Protein chains: 2
Amino acid sequence: MQDRRRKDTLFEAIALMGKAFASPRRLELLDLLAQGPRTVEELARASEQSSANTSQHLQALHAAGVVTREREGTSVRYALAGEDVLALWLALRGASAARLAEVERAARDYLGEPVEAIGREELRERLKRGDVVLVDVRPQEEFAAGHIDGARSIPLEELEQRIAELPEDRDIVAYCRGPFCAYAHEAVRELQEAGRSALRLEDGWPEWRLADTAHKRPRSRRQAA
Amino acid sequence: MQDRRRKDTLFEAIALMGKAFASPRRLELLDLLAQGPRTVEELARASEQSSANTSQHLQALHAAGVVTREREGTSVRYALAGEDVLALWLALRGASAARLAEVERAARDYLGEPVEAIGREELRERLKRGDVVLVDVRPQEEFAAGHIDGARSIPLEELEQRIAELPEDRDIVAYCRGPFCAYAHEAVRELQEAGRSALRLEDGWPEWRLADTAHKRPRSRRQAA
DNA sequence: CAAGTTATCAATTGTTCTATTGAATAGCAA
DNA sequence: TTGCTATTCAATAGAACAATTGATAACTTG
C-alpha cells in the first residue's frame with residue numbers, strides 16, 4: 001500500500017521533532033534557552049557538561065527545528081526557534097509534572113519542602129491593587145534581559161544583606177526562572193526566616209512572558225498548521 | 001555535587017514523557033487516540049501493525065502517563081490521559097509542521113495538492129451567519145461519538161451518491177480528523193469536480209473540541225504545575 | 001603572522017530502543 | 001472443561017543513540 005508508506009513518512013518526520021524532547025540533557029538545554037538566548041559555552045557551563053557534548057546536543061536540537069543559531073563574533077548564540085516551541089516545552093513540562101509521579105518526586109527532592117505559591121492571575125490582580133511587592137531573585141543579567149513589569153531585582157545572593165529594603169507591611173512575592181527553579185523557593189524560606197510574609201509565584205519569567213504575548217493577541221492560538 | 005544529581009533526575013523524569021513522542025508508531029497511535037478511546041485491536045488495525053507491537057507501544061505510552069486504559073469485557077480500551085496531553089500532541093504536531101520542511105513535504109506527499117482552507121474563527125462566524133453548510137466526512141461512528149455543532153454527517157464513501165443533498169447556493173465546508181487527515185481534502189476535490197464551491201476546515205474535530213473547552217473556561221491555561 | 005578562544009567534527013564504546021516472533025494469560029461462551 | 005478471542009509477555013537481533021576523547025576549523029587579538 002502506497003498510502004501506508006506516505007503516512008509512515010509523515011509520522012517519521014514529526015518524530016524528528018519528538019526525538020528532540022527525548023533526552024534529559026537536551027531538555028535541560030531547552031529549559032535554559034527558555035530564559036533567553038545563550039552561547040554554547042554558557043550553556044555548557046550551566047548544564048555542567050563538556051562543550052563538545054553541549055554542541056552536539058544543540059546541533060540535534062537545531063536539526064529538529066527547535067532552536068536557531070547565530071554567529072556572534074567568536075561564539076555562537078542559540079535561541080528557541082519561536083514561541084510555539086516555548087509553549088511546547090512548557091506543555092511537556094506541565095503534563096509530565098501533572099501525570100508522572102516520578103517528576104513530582106524528583107521535583108520535591110530537588111526543591112525541598114514545598115512553599116506557598118500564587119498563580120499568575122492572582123498576582124496580576126494583587127499587583128494592580130498595590131497589595132504586594134514583587135521580587136525577581138534571578139541573577140542581574142537575566143533581570144536586565146527581561147522581567148515582569150513592576151518587579152524589583154534582588155538576586156538571591158544579595159537577598160540576605162538587602163532584606164531591609166523590603167517593606168514590612170506587605171506580602172512579598174518572589175519569582176525566578178520557573179516552577180522547577182530553586183531560587184524562589186530559597187528566597188521565600190529566607191524571607192520567612194526573617195519574619196516576613198513571603199510566597200512564590202507558581203511560574204517564572206518565561207511563562208509570564210508567554211501568557212502575556214498570548215493575551216495581547218488572542219487571535220493566534222498557537223496550534224496546528 | 002548533590003544538586004546536579006537531583007537536577008539530572010528531574011530532567012530524566014520529564015524525559016520519560018518526552019520519549020513517548022519520539023517514535024513514529026507511537027505518534028500514530030496518539031493521533032488515533034486524539035479522535036477518541038479505542039481498543040488495542042482497533043488501533044492495531046488502523047495503524048496496520050501487529051497487535052503485539054501495538055500493545056507494547058501502548059504500554060510504553062501508559063508508562064509515560066499519556067494514556068489511560070480500562071478493561072472492557074474481553075478487550076482493553078485506551079484513551080488519552082487528558083486534555084493537556086491532547087494539547088501537547090497538537091502543539092508538537094503544529095510546531096513540527098511549522099518548523100520542519102520534512103513534515104511539510106511528507107504532508108503534501110500524502111495529502112496531494114493543497115486545497116483552500118478556512119480557520120476555526122472564520123468558520124464560527126460564517127456558521128453564525130448561516131453562510132455555509134458544514135459537512136463531517138468521517139465515518140459515521142466517529143460523527144456519532146462527537147462532532148461540531150451544526151455539522152451534518154456524510155461519510156466520504158457516500159459523498160458521491162449523496163451530493164444532491166447539499167444546497168447549490170452556499171459554500172460547503174468539509175472537515176475530518178485533523179489537518180493531516182486525507183478525507184476532507186478528498187471531499188473538497190470531489191465537490192469541486194461536481195461544480196460546487198467547497199473548501200476544508202484547517203483543523204479537525206479534536207482541535208475544535210479542545211478550543212471549545214478552552215474557550216469555556218479560559219481561566220485554566222493548560223500549563224505547568 | 002602567532003597564540004588563544006570557541007565551537008564543531010570524527011571515531012569509539014557501551015547502552016537503549018525497535019520490530020518480530022511465538023508462547024502465555026485472562027476472560028467469555030459453549 | 002474446552003475452545004476462542006483479545007491482550008500481554010519474553011527473547012531476540014538489529015538499529016539508533018549518548019557520552020567521551022582528542023583533533024580540527026574559524027575567528028579574534030596581540
# chains A, B, ... in the order shown; residues from 1 in each chain; ligands from 1
call {"tool": "residues_around", "arguments": {"residues": "range 11-21 of chain C", "least_positions_apart": "4", "cutoff": "9 Å", "atoms": "only C-alpha atoms (C1' of nucleotides)", "output": "list of chain:residue names"}}
result
B:Asn53, D:DT12, D:DG14, D:DA15, D:DA16, D:DC17, D:DA18, D:DT20, D:DT21
call {"tool": "write_last_selection", "arguments": {"atoms": "N, CA and C atoms (P, O5', C5', C4', C3', O3' and C1' of nucleotides)", "output": "compact mmCIF listing (two decimals), in the first residue's frame"}}
result
# COMPACT_ATOMS: atom_id res chain seq x y z
N ASN B 53 2.79 -5.66 18.74
CA ASN B 53 3.53 -4.41 18.63
C ASN B 53 2.72 -3.25 19.19
P DT D 12 17.08 -15.35 24.12
O5' DT D 12 17.17 -14.58 22.74
C5' DT D 12 16.55 -15.16 21.58
C4' DT D 12 16.49 -14.15 20.48
C3' DT D 12 17.82 -13.46 20.17
O3' DT D 12 18.37 -14.03 19.00
C1' DT D 12 15.93 -11.96 20.10
P DG D 14 21.07 -9.89 13.26
O5' DG D 14 20.66 -8.41 12.86
C5' DG D 14 19.32 -8.15 12.43
C4' DG D 14 19.01 -6.70 12.68
C3' DG D 14 20.15 -5.76 12.28
O3' DG D 14 19.60 -4.74 11.46
C1' DG D 14 19.44 -5.32 14.50
P DA D 15 20.49 -3.63 10.77
O5' DA D 15 19.98 -2.32 11.53
C5' DA D 15 18.58 -2.13 11.69
C4' DA D 15 18.35 -0.92 12.57
C3' DA D 15 19.23 0.28 12.22
O3' DA D 15 18.39 1.41 12.09
C1' DA D 15 19.44 -0.27 14.53
P DA D 16 18.98 2.85 11.77
O5' DA D 16 18.97 3.53 13.22
C5' DA D 16 17.76 3.54 13.96
C4' DA D 16 18.01 4.21 15.29
C3' DA D 16 18.74 5.56 15.18
O3' DA D 16 18.03 6.48 15.99
C1' DA D 16 19.89 4.10 16.68
P DC D 17 18.57 7.97 16.20
O5' DC D 17 19.28 7.89 17.63
C5' DC D 17 18.62 7.20 18.68
C4' DC D 17 19.40 7.35 19.95
C3' DC D 17 20.10 8.70 20.11
O3' DC D 17 19.82 9.17 21.41
C1' DC D 17 21.66 6.92 20.37
P DA D 18 20.46 10.47 22.02
O5' DA D 18 21.63 9.87 22.89
C5' DA D 18 21.32 9.14 24.08
C4' DA D 18 22.53 9.10 24.98
C3' DA D 18 23.18 10.46 25.23
O3' DA D 18 23.49 10.56 26.61
C1' DA D 18 24.73 9.00 24.14
P DT D 20 30.51 12.02 29.73
O5' DT D 20 31.79 11.58 28.90
C5' DT D 20 32.00 10.18 28.70
C4' DT D 20 33.30 9.98 27.95
C3' DT D 20 34.28 11.15 28.08
O3' DT D 20 35.54 10.65 28.50
C1' DT D 20 33.90 10.62 25.78
P DT D 21 36.71 11.64 28.98
O5' DT D 21 37.66 11.66 27.70
C5' DT D 21 38.12 10.43 27.15
C4' DT D 21 38.71 10.69 25.78
C3' DT D 21 39.62 11.91 25.74
O3' DT D 21 40.97 11.49 25.62
C1' DT D 21 38.12 11.83 23.86
call {"tool": "interface_residues", "arguments": {"of": "chain D", "to": "chain B", "cutoff": "8 Å", "atoms": "only C-alpha atoms (C1' of nucleotides)", "output": "VMD selection string"}}
result
chain D and resid 5 to 8
call {"tool": "write_last_selection", "arguments": {"atoms": "C-alpha atoms (C1' of nucleotides)", "output": "PDB file, in the first residue's frame"}}
result
ATOM      1  C1'  DT D   5     -10.525 -14.242  21.257  1.00  0.00           C
ATOM      2  C1'  DA D   6      -8.017 -10.126  22.850  1.00  0.00           C
ATOM      3  C1'  DT D   7      -4.153  -8.759  25.027  1.00  0.00           C
ATOM      4  C1'  DT D   8       0.266  -9.187  27.032  1.00  0.00           C
TER       5       DT D   8
END
call {"tool": "closest_atom_pairs", "arguments": {"of": "chain B", "to": "chain A", "cutoff": "7 Å", "atoms": "only C-alpha atoms", "output": "CSV"}}
result
residue,atom,partner,partner_atom,distance
B:Asp3,CA,A:Tyr110,CA,6.9
B:Arg6,CA,A:Tyr110,CA,5.4
B:Lys7,CA,A:Tyr110,CA,6.4
B:Thr9,CA,A:Ala106,CA,6.1
B:Leu10,CA,A:Ala106,CA,4.9
B:Phe11,CA,A:Pro24,CA,4.9
B:Glu12,CA,A:Pro24,CA,4.9
B:Ala13,CA,A:Val103,CA,5.1
B:Ile14,CA,A:Ser96,CA,5.8
B:Ala15,CA,A:Ala22,CA,5.2
B:Met17,CA,A:Ser96,CA,6.1
B:Gly18,CA,A:Ala22,CA,4.5
B:Lys19,CA,A:Ala22,CA,4.3
B:Phe21,CA,A:Gly18,CA,4.9
B:Ala22,CA,A:Lys19,CA,4.3
B:Ser23,CA,A:Ala15,CA,5.7
B:Pro24,CA,A:Glu12,CA,4.9
B:Leu27,CA,A:Phe11,CA,6.6
B:Glu28,CA,A:Phe11,CA,6.6
B:Gly65,CA,A:Arg99,CA,5.6
B:Asp84,CA,A:Ala95,CA,6.1
B:Val85,CA,A:Ala95,CA,6.5
B:Leu88,CA,A:Ala91,CA,5.8
B:Leu90,CA,A:Ala224,CA,6.2
B:Ala91,CA,A:Gln223,CA,5.5
B:Leu92,CA,A:Leu88,CA,6.4
B:Arg93,CA,A:Ala224,CA,6.3
B:Gly94,CA,A:Ala224,CA,3.6
B:Ala95,CA,A:Asp84,CA,6.1
B:Ser96,CA,A:Ile14,CA,5.8
B:Ala97,CA,A:Ala225,CA,6.4
B:Ala98,CA,A:Ala225,CA,6.7
B:Arg99,CA,A:Gly65,CA,5.5
B:Leu100,CA,A:Gly65,CA,6.0
B:Glu102,CA,A:Ala13,CA,5.7
B:Val103,CA,A:Ala13,CA,5.1
B:Ala106,CA,A:Leu10,CA,4.9
B:Ala107,CA,A:Leu10,CA,6.0
B:Asp109,CA,A:Arg6,CA,6.9
B:Tyr110,CA,A:Arg6,CA,5.4
B:Gln223,CA,A:Gly94,CA,5.2
B:Ala224,CA,A:Gly94,CA,3.6
B:Ala225,CA,A:Gly94,CA,5.7
call {"tool": "select_by_dssp", "arguments": {"residues": "range 24-223 of chain A", "states": "helix (DSSP H, G or I)", "output": "number ranges by chain"}}
result
A: 24-33, 40-47, 51-63, 83-99, 101-111, 120-129, 140-145, 156-165, 182-193, 205-216
call {"tool": "write_last_selection", "arguments": {"atoms": "C-alpha atoms", "output": "compact mmCIF listing (two decimals), in the first residue's frame"}}
result
# COMPACT_ATOMS: atom_id res chain seq x y z
CA PRO A 24 17.34 14.74 29.63
CA ARG A 25 20.38 16.71 28.53
CA ARG A 26 18.55 18.31 25.69
CA LEU A 27 15.62 19.16 27.92
CA GLU A 28 17.96 20.91 30.28
CA LEU A 29 19.36 22.93 27.40
CA LEU A 30 15.86 23.82 26.29
CA ASP A 31 14.97 24.88 29.78
CA LEU A 32 17.99 27.16 29.87
CA LEU A 33 17.15 28.56 26.45
CA VAL A 40 27.44 27.24 23.64
CA GLU A 41 29.87 27.92 26.40
CA GLU A 42 27.32 29.49 28.70
CA LEU A 43 25.08 26.51 28.16
CA ALA A 44 27.90 24.06 28.74
CA ARG A 45 28.79 25.76 31.99
CA ALA A 46 25.22 26.00 33.20
CA SER A 47 24.48 22.37 32.41
CA SER A 51 31.18 21.88 25.39
CA ALA A 52 31.67 19.16 22.79
CA ASN A 53 28.69 17.36 24.22
CA THR A 54 26.69 20.53 24.53
CA SER A 55 27.46 21.41 20.96
CA GLN A 56 26.29 18.03 19.72
CA HIS A 57 23.01 18.24 21.54
CA LEU A 58 22.49 21.76 20.30
CA GLN A 59 23.02 20.56 16.79
CA ALA A 60 20.46 17.86 17.33
CA LEU A 61 18.04 20.49 18.55
CA HIS A 62 18.84 22.62 15.57
CA ALA A 63 18.24 19.75 13.18
CA GLU A 83 7.01 30.98 20.88
CA ASP A 84 5.40 27.80 19.70
CA VAL A 85 8.50 25.89 20.78
CA LEU A 86 8.46 27.59 24.16
CA ALA A 87 4.80 26.70 24.54
CA LEU A 88 5.57 23.13 23.54
CA TRP A 89 8.29 22.76 26.12
CA LEU A 90 6.10 24.26 28.83
CA ALA A 91 3.26 21.96 27.84
CA LEU A 92 5.51 18.93 28.08
CA ARG A 93 6.91 20.00 31.40
CA GLY A 94 3.44 20.72 32.71
CA ALA A 95 1.91 17.48 31.53
CA SER A 96 4.78 15.44 32.89
CA ALA A 97 4.51 17.17 36.25
CA ALA A 98 0.79 16.53 36.31
CA ARG A 99 0.87 12.89 35.23
CA ALA A 101 4.77 10.63 39.94
CA GLU A 102 8.47 10.43 39.13
CA VAL A 103 8.56 14.09 38.19
CA GLU A 104 6.81 15.18 41.33
CA ARG A 105 9.14 13.12 43.47
CA ALA A 106 12.23 14.42 41.70
CA ALA A 107 10.98 18.00 41.92
CA ARG A 108 10.32 17.73 45.61
CA ASP A 109 13.72 16.17 46.09
CA TYR A 110 15.42 18.98 44.28
CA LEU A 111 13.36 21.89 45.58
CA ARG A 120 -0.36 34.38 37.55
CA GLU A 121 -3.88 35.77 37.58
CA GLU A 122 -3.95 36.33 41.30
CA LEU A 123 -0.58 38.06 41.20
CA ARG A 124 -1.77 40.28 38.38
CA GLU A 125 -4.73 41.42 40.42
CA ARG A 126 -2.77 41.97 43.58
CA LEU A 127 -0.17 43.95 41.66
CA LYS A 128 -2.90 46.17 40.32
CA ARG A 129 -4.15 46.74 43.86
CA GLN A 140 21.06 40.60 37.48
CA GLU A 141 21.80 39.90 33.81
CA GLU A 142 18.65 37.87 33.48
CA PHE A 143 16.59 40.59 35.07
CA ALA A 144 18.16 43.05 32.66
CA ALA A 145 17.24 40.83 29.72
CA LEU A 156 19.25 35.55 45.69
CA GLU A 157 22.89 36.01 46.66
CA GLU A 158 22.26 39.55 47.85
CA LEU A 159 18.93 38.92 49.48
CA GLU A 160 20.24 38.40 52.98
CA GLN A 161 22.00 41.77 53.09
CA ARG A 162 19.31 43.69 51.32
CA ILE A 163 16.33 42.34 53.17
CA ALA A 164 15.81 45.71 54.86
CA GLU A 165 14.97 47.29 51.52
CA ALA A 182 15.19 26.65 43.24
CA TYR A 183 15.86 30.37 43.67
CA ALA A 184 12.36 31.50 44.55
CA HIS A 185 11.88 28.62 46.94
CA GLU A 186 15.10 29.50 48.69
CA ALA A 187 14.22 33.18 48.76
CA VAL A 188 10.84 32.56 50.34
CA ARG A 189 12.44 30.43 53.02
CA GLU A 190 14.99 33.11 53.80
CA LEU A 191 12.35 35.80 53.94
CA GLN A 192 10.11 33.79 56.20
CA GLU A 193 13.03 33.08 58.46
CA TRP A 205 9.56 34.68 33.82
CA PRO A 206 9.20 32.62 30.59
CA GLU A 207 5.68 31.51 31.49
CA TRP A 208 4.68 35.07 32.31
CA ARG A 209 6.05 36.41 29.07
CA LEU A 210 4.34 33.73 27.02
CA ALA A 211 1.00 34.28 28.72
CA ASP A 212 1.43 37.99 28.19
CA THR A 213 2.02 37.85 24.46
CA ALA A 214 -0.71 35.24 24.07
CA HIS A 215 -3.01 37.63 25.89
CA LYS A 216 -2.13 40.57 23.69
call {"tool": "atom_distance", "arguments": {"atom1": "CA of Ala194 in chain B", "atom2": "CA of Asp149 in chain B"}}
result
26.0 Å
call {"tool": "residues_around", "arguments": {"residues": "DA2 in chain C", "least_positions_apart": "2", "cutoff": "12 Å", "atoms": "only C-alpha atoms (C1' of nucleotides)", "output": "ChimeraX atom specification"}}
result
/C:4 /D:28-30
call {"tool": "atom_distance", "arguments": {"atom1": "CA of Pro114 in chain A", "atom2": "CA of Arg200 in chain A"}}
result
10.1 Å
call {"tool": "atom_distance", "arguments": {"atom1": "CA of Arg77 in chain B", "atom2": "CA of Arg138 in chain B"}}
result
20.8 Å
call {"tool": "closest_residue", "arguments": {"among": "C:DC1, C:DA23, C:DA10, C:DA30", "to": "chain B", "atoms": "only C-alpha atoms (C1' of nucleotides)"}}
result
C:DA23
call {"tool": "select_by_dssp", "arguments": {"residues": "chain B", "states": "strand (DSSP E)", "output": "MDAnalysis selection string"}}
result
chainID B and resid 38:39 67:72 75:80 117:118 132:136 152:153 171:175 198:201
call {"tool": "closest_atom_pairs", "arguments": {"of": "chain C", "to": "chain A", "cutoff": "8 Å", "atoms": "only C-alpha atoms (C1' of nucleotides)", "output": "Markdown table"}}
result
| residue | atom | partner | partner_atom | distance |
| --- | --- | --- | --- | --- |
| C:DT5 | C1' | A:Thr74 | CA | 7.6 |
| C:DT6 | C1' | A:Ser75 | CA | 5.7 |
| C:DA7 | C1' | A:Ser75 | CA | 7.1 |
| C:DT8 | C1' | A:Ser55 | CA | 7.2 |
